[in-house]
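Remarks on the structure that follows.
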Amino acid sequence: MTRSLLALVLAPVVLASAGLTAVAQTKAPATEQPVAAKDKAVIESAFAKADANGDGKLSKDEAAKLPAIGARFDELDKNKDGVLTVEEFSAGFATN
């Protein structure tokens with residue numbers, strides 16, 4: 001009788017964990033979503049407005065025009081060359 005009671009109590013737990021394991025295995029891994037064309041245009045427009053000298057890069061002073069980007073300039077400058085490319089800028093813009 002004790003075994004039947006134990007089986008009755010543990011059966012839902014075992015089934016639930018098996019179900020959760022199956023769900024976890026079938027979910028696609030989270031990947032970074034590509035930027036929508038509309039968003040890309042907005043990002044490129046903001047970048048162009050901040051790029052005062054039109055050289056295709058943002059200096060620290062140019063990035064300061066956009067406080068959210070300027071505050072994270074060093075973090076966004078992945079290659080540490082002292083300027084932000086549109087790709088580096090885009091990554092920061094998308095996470096704001």
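Naming scheme: A, B, ... for chains in displayed order of the structure tokens; residues 1 onward per chain; ligands 1 onward as shown.
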
Counting only C-alpha atoms, what is within 12 Å of A:Ala52, bar same-chain residues fewer than 6 positions away, as a compact mmCIF listing (two decimals) with all heavy atoms, in the first residue's frame?
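Once everything was written out, this is result_14.txt:
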# COMPACT_ATOMS: atom_id res chain seq x y z
N ALA A 46 19.91 58.51 -37.54
CA ALA A 46 20.44 59.06 -36.29
C ALA A 46 21.96 59.12 -36.35
O ALA A 46 22.58 60.09 -35.91
CB ALA A 46 19.98 58.22 -35.10
N LEU A 58 31.72 57.89 -35.75
CA LEU A 58 31.39 58.84 -34.68
C LEU A 58 32.53 58.92 -33.69
O LEU A 58 32.92 57.91 -33.10
CB LEU A 58 30.13 58.42 -33.93
CG LEU A 58 28.81 58.45 -34.67
CD1 LEU A 58 27.66 58.16 -33.71
CD2 LEU A 58 28.59 59.79 -35.35
N SER A 59 33.04 60.13 -33.51
CA SER A 59 34.03 60.35 -32.46
C SER A 59 33.29 60.42 -31.13
O SER A 59 32.05 60.45 -31.09
CB SER A 59 34.77 61.67 -32.70
OG SER A 59 33.86 62.76 -32.54
N LYS A 60 34.03 60.47 -30.05
CA LYS A 60 33.42 60.56 -28.74
C LYS A 60 32.60 61.85 -28.62
O LYS A 60 31.51 61.85 -28.06
CB LYS A 60 34.50 60.50 -27.65
CG LYS A 60 34.02 60.00 -26.34
CD LYS A 60 35.19 59.68 -25.42
CE LYS A 60 34.69 58.69 -24.39
NZ LYS A 60 35.75 58.12 -23.58
N ASP A 61 33.12 62.93 -29.18
CA ASP A 61 32.39 64.21 -29.14
C ASP A 61 31.09 64.16 -29.95
O ASP A 61 30.06 64.67 -29.53
CB ASP A 61 33.27 65.35 -29.66
CG ASP A 61 34.40 65.71 -28.70
OD1 ASP A 61 34.29 65.40 -27.49
OD2 ASP A 61 35.40 66.29 -29.17
N GLU A 62 31.15 63.53 -31.12
CA GLU A 62 29.95 63.41 -31.95
C GLU A 62 28.92 62.51 -31.26
O GLU A 62 27.72 62.81 -31.26
CB GLU A 62 30.30 62.83 -33.32
CG GLU A 62 31.09 63.79 -34.20
CD GLU A 62 31.61 63.14 -35.46
OE1 GLU A 62 31.98 61.95 -35.42
OE2 GLU A 62 31.64 63.83 -36.51
N ALA A 63 29.38 61.43 -30.65
CA ALA A 63 28.46 60.50 -29.97
C ALA A 63 27.81 61.16 -28.77
O ALA A 63 26.69 60.79 -28.39
CB ALA A 63 29.21 59.25 -29.53
N ALA A 64 28.47 62.15 -28.18
CA ALA A 64 27.92 62.84 -27.01
C ALA A 64 26.63 63.59 -27.34
O ALA A 64 25.85 63.91 -26.45
CB ALA A 64 28.96 63.80 -26.43
N LYS A 65 26.37 63.84 -28.64
CA LYS A 65 25.10 64.48 -29.05
C LYS A 65 23.91 63.59 -28.72
O LYS A 65 22.79 64.07 -28.64
CB LYS A 65 25.11 64.76 -30.55
CG LYS A 65 26.11 65.78 -31.00
CD LYS A 65 26.07 65.91 -32.51
CE LYS A 65 27.18 66.78 -33.02
NZ LYS A 65 27.18 66.81 -34.49

Where in stretch 27-92 of chain A does DSSP assign helix (DSSP H, G or I), given as a ChimeraX atom specification? /A:37-50,60-63,67-70,73-76,86-92

Neighbours of A:Lys57 within 10 Å (only C-alpha atoms; same-chain residues fewer than 5 positions away dropped), as a PyMOL selection string? chain A and resi 47-48+50-52+62-63+82-89
